[in-house]
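I have placed the structure first, in the form of structure tokens, so that the comments after it can refer back to it.
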Amino acid sequence: MPTAAFAQHFSFGVVAGAGVTDGFQDQTFRGVDTVTHFSSDSKDFIVGPMAEVGFPLNVSVELDALYRPLHLANSTLSASLGTFNSSTTVGTWEFPLLLKYRFPTLIPWAKPLLEVGPSFRGGSGADAAPSSHGITLGAGLEAKIIKVKVAPQLRFTRWGADNPAKIFAAPRTNVNQVEFLVGFSF
């Protein structure tokens with residue numbers, strides 16, 4: 001009996017989805033004879049592995065390693081040189097560590113879920129230095145189909161302020177990030 005109380009269930013799988021919000025803020029910087037505008041030029045895909053350890057009372061802990069490229073567009077208008085447009089990608093890795101709770105339901109194959117926990121991020125480039133830490137909240141529904149758990153969900157992450165760049169007109173990432181994700185686990 002005591003052994004059953006501490007029994008743990010381990011699952012692994014993949015998480016994939018897309019950013020609902022843009023990766024970068026819409027910003028305009030005015031210089032002496034230039035105007036520079038930063039923005040996101042497309043929505044970002046997200047993909048990576050996940051691992052989860054289940055505990056009693058519908059509680060589990062999940063760790064994801066999510067690759068998310070942030071797409072940055074830059075348009076500079078110079079009075080003396082004309083207009084220059086460029087785009088680049090800042091590759092980031094996000095590591096949310098989430099405490100997850102599944103609500104008991106009368107439907108044995110589908111359970112609503114809530115998750116919360118810290119998130120960590122690595123990545124830089126294009127004079128951008130995204131914040132390395134934040135807090136994540138998520139909600140979704142997990143359905144078990146044969147032996148595969150499918151969990152569509154929305155996640156909100158509030159990132160800390162970006163690390164200061166060494167130049168005045170540095171692009172800034174959105175501190176509020178919303179993602180639509182689907183997890184597939186075994």
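For the structure tokens, the naming scheme is as follows: chains receive sequential letters (A, B, ...) according to their order of presentation, residues are indexed from 1 within each chain, and ligands are indexed from 1 in presentation order.
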Go through segment 46-128 of chain A and collect every residue that DSSP, computed from the backbone, puts in strand (DSSP E); the answer should be as an MDAnalysis selection string.
-> chainID A and resid 46:55 59:64 66:78 82:102 110:122
Selection near Phe29 of chain A, 10 Å with only C-alpha atoms, sequence-local residues under 3 positions removed, as a ChimeraX atom specification = /A:34-38,76,168-171
Any idea what's packed within 9 Å of Arg121 of chain A, counting only C-alpha atoms, ignoring anything in its chain fewer than 6 positions away? Could you give it as a ChimeraX atom specification?
-> /A:92-96,130-134
Nearest to Gly17 of chain A, restricted to only C-alpha atoms and choosing among A:Lys149, A:Arg102, A:Lys111, A:Lys43, comes out as A:Lys43
Write out as a ChimeraX atom specification which residues come within 10 Å of Val148 of chain A when counting only C-alpha atoms, dropping same-chain ones fewer than 2 positions away.
-> /A:13,143-146,150-151,183-186
Which polymer residues have any atom within 9 Å of an atom of Phe10 of chain A, counting only C-alpha atoms, with same-chain residues fewer than 5 positions away left out, as JSON, numbers by chain?
-> {"A": [51, 52, 53, 54, 186]}
Output C-alpha atoms of each residue in that selection to a file, as a compact mmCIF listing (two decimals), in the first residue's frame.
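The result, stored in result-v2.txt:
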```txt
# COMPACT_ATOMS: atom_id res chain seq x y z
CA ALA A 51 8.98 14.71 -20.52
CA GLU A 52 6.48 14.37 -17.70
CA VAL A 53 6.43 12.65 -14.32
CA GLY A 54 3.01 11.92 -12.85
CA PHE A 186 3.06 8.22 -24.66
```
Residue contacts of Gly138 of chain A (8 Å, only C-alpha atoms) excluding same-chain residues fewer than 4 positions away, as a list of chain:residue names =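 In the requested form, the answer reads A:Leu114, A:Glu115, A:Val116, A:Gln153, A:Leu154, A:Arg155, A:Phe156.
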Can those selected residues be exported to a file as a CSV table (one decimal), in the first residue's frame so that it contains N, CA and C atoms?
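Result saved to out11.csv:
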```csv
chain,number,residue,atom,x,y,z
A,114,LEU,N,-4.7,22.5,-16.1
A,114,LEU,CA,-4.1,23.8,-15.8
A,114,LEU,C,-2.6,23.6,-15.5
A,115,GLU,N,-1.7,24.5,-15.9
A,115,GLU,CA,-0.3,24.4,-15.6
A,115,GLU,C,0.3,25.7,-15.3
A,116,VAL,N,1.3,25.7,-14.4
A,116,VAL,CA,2.0,26.9,-14.1
A,116,VAL,C,3.5,26.6,-13.7
A,153,GLN,N,-3.6,23.2,-26.1
A,153,GLN,CA,-3.6,24.2,-25.0
A,153,GLN,C,-3.1,25.5,-25.5
A,154,LEU,N,-3.5,26.5,-24.6
A,154,LEU,CA,-3.0,27.9,-24.8
A,154,LEU,C,-2.0,28.1,-23.6
A,155,ARG,N,-0.9,28.7,-23.9
A,155,ARG,CA,0.1,29.1,-22.9
A,155,ARG,C,0.4,30.6,-22.9
A,156,PHE,N,0.4,31.2,-21.8
A,156,PHE,CA,0.8,32.6,-21.7
A,156,PHE,C,2.1,32.7,-20.9
```
Report the distance between atom CA of Ala128 of chain A and atom CA of Leu70 of chain A in Å, rounded to one decimal place.
->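 Computing it gives 10.2 Å between the two atoms.
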